[in-house]
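Raw coords.txt, compact mmCIF, C-alpha atoms:
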# COMPACT_ATOMS: atom_id res chain seq x y z
CA MET A 1 0.00 0.00 0.00
CA LEU A 2 2.06 2.90 -1.30
CA ILE A 3 1.42 6.46 -0.12
CA VAL A 4 3.19 9.14 -2.14
CA ASP A 5 3.59 12.89 -1.73
CA GLY A 6 6.15 15.65 -2.02
CA PHE A 7 7.02 18.15 0.70
CA PHE A 8 9.17 21.27 0.68
CA PHE A 9 11.45 23.09 3.09
CA GLY A 10 11.62 26.19 0.92
CA ARG A 11 11.32 27.38 -2.62
CA GLY A 12 12.70 24.72 -4.93
CA VAL A 13 13.99 22.52 -2.08
CA GLY A 14 11.87 19.44 -1.48
CA THR A 15 11.69 15.70 -1.11
CA MET A 16 9.53 13.11 -2.86
CA LEU A 17 8.56 10.52 -0.29
CA PHE A 18 7.20 7.00 -0.82
CA ARG A 19 5.80 5.21 2.22
CA ALA A 20 4.55 1.65 2.64
CA ALA A 21 1.44 2.21 4.75
CA ASN A 22 1.04 -1.42 5.74
CA LEU A 23 4.68 -1.64 6.84
CA HIS A 24 4.75 1.82 8.50
CA ARG A 25 8.00 2.52 6.69
CA ASN A 26 9.42 5.15 4.38
CA ILE A 27 10.88 3.01 1.62
CA HIS A 28 12.12 5.51 -0.97
CA TRP A 29 12.76 9.21 -1.35
CA PHE A 30 14.75 11.66 -3.43
CA GLU A 31 15.21 15.40 -3.73
CA ILE A 32 12.98 17.47 -6.01
CA GLY A 33 12.81 21.10 -7.05
CA TYR A 34 9.16 20.91 -8.08
CA GLU A 35 6.54 18.19 -7.70
CA THR A 36 5.83 16.67 -11.12
CA VAL A 37 4.05 13.63 -12.51
CA SER A 38 7.37 12.21 -13.64
CA ASP A 39 8.61 12.32 -10.02
CA TYR A 40 5.80 9.96 -9.06
CA THR A 41 6.35 7.55 -11.93
CA LYS A 42 10.15 7.65 -11.59
CA GLY A 43 9.98 6.73 -7.93
CA ILE A 44 7.47 3.96 -8.46
CA ASP A 45 9.45 2.53 -11.37
CA GLU A 46 12.53 2.43 -9.14
CA LEU A 47 10.64 0.64 -6.37
CA GLU A 48 9.43 -2.00 -8.82
CA ARG A 49 12.97 -2.36 -10.14
CA GLN A 50 14.05 -3.07 -6.56
CA GLY A 51 11.44 -5.82 -6.33
CA TRP A 52 8.63 -4.11 -4.46
CA ILE A 53 5.12 -5.27 -5.41
CA ILE A 54 2.76 -2.31 -5.37
CA GLN A 55 -0.87 -3.20 -4.75
CA ALA A 56 -2.35 0.31 -4.71
CA VAL A 57 -1.29 3.97 -4.58
CA VAL A 58 -2.71 6.68 -2.33
CA CYS A 59 -1.94 10.26 -3.39
CA ASP A 60 -3.13 13.83 -2.94
CA GLY A 61 -5.04 13.98 -6.19
CA ARG A 62 -3.03 15.75 -8.87
CA PRO A 63 -5.02 14.96 -12.04
CA GLY A 64 -1.93 14.11 -14.06
CA VAL A 65 -0.73 11.69 -11.40
CA ARG A 66 -4.05 9.88 -11.28
CA ALA A 67 -4.15 9.57 -15.06
CA ALA A 68 -0.58 8.24 -15.16
CA LEU A 69 -0.99 5.67 -12.40
CA ALA A 70 -4.60 4.48 -12.79
CA PRO A 71 -3.82 2.12 -15.71
CA ARG A 72 -1.21 0.40 -13.52
CA TYR A 73 -2.74 0.25 -10.03
CA PRO A 74 -5.85 1.09 -8.05
CA VAL A 75 -5.46 4.79 -7.14
CA GLN A 76 -7.03 6.29 -4.03
CA MET A 77 -7.43 10.06 -3.84
CA CYS A 78 -6.83 11.28 -0.29
CA GLN A 79 -10.25 12.27 1.02
CA PHE A 80 -8.75 14.77 3.46
CA HIS A 81 -7.01 16.58 0.60
CA GLN A 82 -10.25 16.64 -1.35
CA VAL A 83 -12.01 18.33 1.56
CA GLN A 84 -9.19 20.88 1.71
CA ILE A 85 -9.49 21.60 -2.03
CA VAL A 86 -13.21 22.26 -1.76
CA THR A 87 -12.70 24.40 1.35
CA ARG A 88 -10.19 26.58 -0.52
CA TYR A 89 -12.80 27.27 -3.18
CA LEU A 90 -15.79 27.74 -0.87
CA THR A 91 -14.00 29.14 2.24
CA ARG A 92 -14.61 27.82 5.74
CA ASN A 93 -17.79 29.84 6.15
CA PRO A 94 -19.56 30.18 2.78
CA GLU A 95 -22.59 32.45 2.62
CA LEU A 96 -24.46 31.33 -0.50
CA PRO A 97 -26.91 28.44 0.08
CA ALA A 98 -25.46 26.40 -2.82
CA ALA A 99 -21.96 26.66 -1.33
CA ILE A 100 -23.20 25.88 2.18
CA GLN A 101 -24.94 22.74 0.96
CA LEU A 102 -21.98 21.57 -1.10
CA LYS A 103 -19.59 22.07 1.81
CA SER A 104 -21.97 20.17 4.07
CA LEU A 105 -22.06 17.28 1.61
CA VAL A 106 -18.26 17.19 1.38
CA SER A 107 -17.99 17.10 5.17
CA THR A 108 -19.60 13.62 5.05
CA LEU A 109 -16.94 12.24 2.72
CA SER A 110 -15.00 10.23 5.29
CA ARG A 111 -18.08 8.62 6.80
CA THR A 112 -20.21 7.77 3.78
CA ASP A 113 -20.02 5.34 0.86
CA GLU A 114 -19.61 5.88 -2.87
CA ALA A 115 -23.26 5.33 -3.83
CA THR A 116 -24.59 7.70 -1.17
CA PHE A 117 -22.05 10.43 -1.89
CA THR A 118 -22.53 10.18 -5.66
CA ALA A 119 -26.30 10.40 -5.26
CA GLY A 120 -25.90 13.43 -3.00
CA LEU A 121 -23.58 15.19 -5.44
CA THR A 122 -25.93 14.48 -8.36
CA ALA A 123 -28.91 15.79 -6.38
CA TRP A 124 -26.97 18.94 -5.45
CA HIS A 125 -26.07 19.60 -9.08
CA ASP A 126 -29.62 19.00 -10.28
CA ARG A 127 -30.90 21.52 -7.75
CA TRP A 128 -28.33 24.21 -8.52
CA GLU A 129 -27.67 23.64 -12.23
CA SER A 130 -29.34 26.86 -13.37
CA PHE A 131 -27.60 28.79 -10.60
CA LEU A 132 -24.22 27.48 -11.74
CA LYS A 133 -24.91 28.67 -15.29
CA GLU A 134 -25.56 32.27 -14.25
CA ARG A 135 -23.33 34.73 -16.08
CA THR A 136 -21.99 38.19 -15.37
CA VAL A 137 -21.62 40.47 -18.39
CA GLY A 138 -18.84 43.05 -18.28
CA ASP A 139 -18.30 46.38 -20.01
CA LEU A 140 -15.31 45.30 -22.11
CA LEU A 141 -15.89 44.07 -25.64
CA THR A 142 -14.36 41.12 -27.45
CA LYS A 143 -12.75 41.47 -30.88
CA THR A 144 -16.10 40.59 -32.42
CA GLY A 145 -17.81 43.44 -30.58
CA LYS A 146 -19.62 41.28 -28.03
CA ARG A 147 -19.49 42.03 -24.34
CA ARG A 148 -17.17 39.82 -22.33
CA TRP A 149 -18.81 37.56 -19.77
CA TRP A 150 -17.88 35.04 -17.11
CA TYR A 151 -19.69 32.60 -14.88
CA THR A 152 -20.92 34.44 -11.80
CA HIS A 153 -20.23 31.63 -9.34
CA ARG A 154 -16.86 30.48 -10.62
CA ARG A 155 -15.51 29.24 -7.30
CA ILE A 156 -18.54 27.08 -6.61
CA ARG A 157 -18.31 25.69 -10.12
CA ALA A 158 -14.62 24.94 -9.56
CA ALA A 159 -15.37 23.11 -6.30
CA TYR A 160 -17.98 20.98 -8.06
CA ARG A 161 -15.70 20.24 -11.01
CA SER A 162 -12.97 19.14 -8.61
CA LEU A 163 -15.33 16.70 -6.95
CA LYS A 164 -16.58 15.34 -10.27
CA ALA A 165 -13.02 14.81 -11.52
CA SER A 166 -11.95 13.11 -8.27
CA LEU A 167 -15.07 10.98 -7.80
CA PRO A 168 -13.72 7.87 -9.59
CA TYR A 169 -10.79 7.83 -7.15
CA LEU A 170 -12.39 8.89 -3.84
CA PHE A 171 -13.76 5.45 -2.95
CA THR A 172 -11.21 3.12 -4.50
CA PHE A 173 -10.64 1.62 -1.03
CA GLU A 174 -14.29 0.58 -1.01
CA ARG A 175 -13.99 -1.31 -4.29
CA TYR A 176 -10.95 -3.30 -3.10
CA PRO A 177 -11.84 -4.25 0.49
CA ALA A 178 -9.36 -7.14 0.62
CA LEU A 179 -6.44 -4.74 0.07
CA HIS A 180 -7.26 -2.51 3.06
CA ILE A 181 -6.31 0.64 1.14
CA PRO A 182 -6.09 3.78 3.33
CA ASN A 183 -8.53 6.49 2.28
CA THR A 184 -6.12 9.30 3.26
CA THR A 185 -2.41 10.05 3.18
CA ASN A 186 -2.44 10.57 6.97
CA SER A 187 0.28 8.01 7.61
CA LEU A 188 2.69 9.83 5.32
CA ASP A 189 1.53 13.26 6.51
CA GLY A 190 2.31 12.21 10.06
CA SER A 191 5.79 11.14 9.00
CA ILE A 192 6.38 14.48 7.29
CA SER A 193 5.06 16.41 10.30
CA HIS A 194 7.39 14.48 12.60
CA LEU A 195 10.29 15.23 10.27
CA ARG A 196 9.48 18.94 10.20
CA ASP A 197 9.36 19.04 14.00
CA LYS A 198 12.81 17.44 14.22
CA LEU A 199 14.30 19.79 11.64
CA ARG A 200 12.75 22.83 13.32
CA VAL A 201 14.91 22.12 16.35
CA HIS A 202 17.96 22.44 14.10
CA ARG A 203 17.14 25.70 12.37
CA GLY A 204 20.01 27.45 10.69
CA LEU A 205 21.69 24.35 9.34
CA LYS A 206 23.43 24.67 5.99
CA LEU A 207 21.49 23.10 3.14
CA GLN A 208 23.88 20.16 2.70
CA THR A 209 23.84 19.41 6.44
CA ARG A 210 20.06 19.60 6.48
CA ARG A 211 19.90 17.16 3.57
CA LYS A 212 22.04 14.67 5.46
CA LEU A 213 19.93 15.07 8.61
CA THR A 214 16.74 14.61 6.57
CA GLU A 215 18.17 11.41 5.08
CA GLU A 216 18.94 9.97 8.52
CA LEU A 217 15.58 10.99 9.95
CA LEU A 218 13.63 9.48 7.07
CA LYS A 219 15.37 6.17 7.62
CA GLY A 220 14.14 6.01 11.18
CA ILE A 221 10.74 7.69 11.12
CA SER A 222 7.88 5.23 11.52
CA PRO A 223 5.06 6.84 13.50

Write the structure described by the file as structure tokens, please.
Amino acid sequence: MLIVDGFFFGRGVGTMLFRAANLHRNIHWFEIGYETVSDYTKGIDELERQGWIIQAVVCDGRPGVRAALAPRYPVQMCQFHQVQIVTRYLTRNPELPAAIQLKSLVSTLSRTDEATFTAGLTAWHDRWESFLKERTVGDLLTKTGKRRWWYTHRRIRAAYRSLKASLPYLFTFERYPALHIPNTTNSLDGSISHLRDKLRVHRGLKLQTRRKLTEELLKGISP
């Protein structure tokens, strides 16, 4: 059960981390400047070259990553990250009824099943479809002389589109019960948090020294 994510200590200074959830071990990592799809596939290819058998992958939901890995393994989108994505679009305290209802639906994600959540999302969209299509017309003109326009409720539309795109991956764990796939990246997030706490004690280290310390810490972290 492979959990994968990248984390950064500063601009352009990060680590790609691969953790075996069932073994509670960090099994592979390497430095990155930016988090890319190729970082995910490169790391997984190396693990398979070493002889690891990957049964499923849990990740934070980058669309390109899901598309690249889904033909090879069951891919679980971290439900916690999905809630965070929707919250960024809707804010913690949305005011519009459509946003309030969508946020309420998303809050049930970790304690519902795929059929119930899908039905709820479909019902929400059916109710607010006309609302989502509302447009605002501006004063500026296009090259053809028409007034420019945009969707009035762009952030709510974006939150919904994110859920629709992630839906095939949000309940992968439910479709493979025998594999016991985690539905979040919490195990890896806890490892990263523990690492950050350790490094915070040693602020001011030179980059090369910090890299060596990170390497040693990752070898031993297994919360």

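Each of A:Ala159, A:Thr185, A:Ile85, A:Tyr40 was compared to Ala67 (chain A) using all atoms listed in the file, and A:Tyr40 turns out to be the nearest.
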
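Distance check against Asp126 (chain A) using only C-alpha atoms: of A:Val13, A:Ala158, A:Ala98, A:Leu167, the minimum falls on A:Ala98.
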
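Considering the residues A:Phe171, A:Gln76, A:Thr36, A:Ser162 and counting all atoms listed in the file, Arg88 (chain A) has its shortest atom-to-atom contact with A:Ser162.
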
Once 8 Å is added on each side, what are the centre and the three edge lengths, in Å to one decimal, of the axis-aligned box enclosing the listed atoms of region 107-125 of chain A? Present them as JSON.
{"center_x": -22.0, "center_y": 12.5, "center_z": -1.1, "size_x": 29.9, "size_y": 30.3, "size_z": 31.9}

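Our summary of the geometry notes that CA of Ala99 (chain A) is positioned 17.3 Å from CA of Ala119 (chain A).
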
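Distance-wise, CA of Lys143 (chain A) and CA of Arg157 (chain A) end up 26.7 Å apart.
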
Regenerate region 42-53 of chain A at the level of N, CA and C atoms and dump it as a PDB file, keeping the file's coordinate frame.
ATOM      1  N   LYS A  42       8.746   8.022 -11.737  1.00  0.00           N
ATOM      2  CA  LYS A  42      10.150   7.650 -11.590  1.00  0.00           C
ATOM      3  C   LYS A  42      10.387   6.882 -10.301  1.00  0.00           C
ATOM      4  N   GLY A  43       9.806   7.386  -9.214  1.00  0.00           N
ATOM      5  CA  GLY A  43       9.980   6.730  -7.930  1.00  0.00           C
ATOM      6  C   GLY A  43       9.350   5.354  -7.886  1.00  0.00           C
ATOM      7  N   ILE A  44       8.168   5.241  -8.454  1.00  0.00           N
ATOM      8  CA  ILE A  44       7.470   3.960  -8.460  1.00  0.00           C
ATOM      9  C   ILE A  44       8.200   2.956  -9.358  1.00  0.00           C
ATOM     10  N   ASP A  45       8.675   3.420 -10.490  1.00  0.00           N
ATOM     11  CA  ASP A  45       9.450   2.530 -11.370  1.00  0.00           C
ATOM     12  C   ASP A  45      10.687   1.991 -10.648  1.00  0.00           C
ATOM     13  N   GLU A  46      11.338   2.859  -9.871  1.00  0.00           N
ATOM     14  CA  GLU A  46      12.530   2.430  -9.140  1.00  0.00           C
ATOM     15  C   GLU A  46      12.171   1.405  -8.064  1.00  0.00           C
ATOM     16  N   LEU A  47      11.057   1.608  -7.385  1.00  0.00           N
ATOM     17  CA  LEU A  47      10.640   0.640  -6.370  1.00  0.00           C
ATOM     18  C   LEU A  47      10.349  -0.720  -6.999  1.00  0.00           C
ATOM     19  N   GLU A  48       9.699  -0.725  -8.136  1.00  0.00           N
ATOM     20  CA  GLU A  48       9.430  -2.000  -8.820  1.00  0.00           C
ATOM     21  C   GLU A  48      10.727  -2.639  -9.296  1.00  0.00           C
ATOM     22  N   ARG A  49      11.669  -1.829  -9.724  1.00  0.00           N
ATOM     23  CA  ARG A  49      12.970  -2.360 -10.140  1.00  0.00           C
ATOM     24  C   ARG A  49      13.667  -3.050  -8.965  1.00  0.00           C
ATOM     25  N   GLN A  50      13.445  -2.490  -7.759  1.00  0.00           N
ATOM     26  CA  GLN A  50      14.050  -3.070  -6.560  1.00  0.00           C
ATOM     27  C   GLN A  50      13.328  -4.344  -6.103  1.00  0.00           C
ATOM     28  N   GLY A  51      12.156  -4.602  -6.687  1.00  0.00           N
ATOM     29  CA  GLY A  51      11.440  -5.820  -6.330  1.00  0.00           C
ATOM     30  C   GLY A  51      10.194  -5.620  -5.500  1.00  0.00           C
ATOM     31  N   TRP A  52       9.843  -4.372  -5.223  1.00  0.00           N
ATOM     32  CA  TRP A  52       8.630  -4.110  -4.460  1.00  0.00           C
ATOM     33  C   TRP A  52       7.398  -4.410  -5.327  1.00  0.00           C
ATOM     34  N   ILE A  53       6.393  -5.019  -4.731  1.00  0.00           N
ATOM     35  CA  ILE A  53       5.120  -5.270  -5.410  1.00  0.00           C
ATOM     36  C   ILE A  53       4.108  -4.265  -4.888  1.00  0.00           C
TER      37      ILE A  53
END
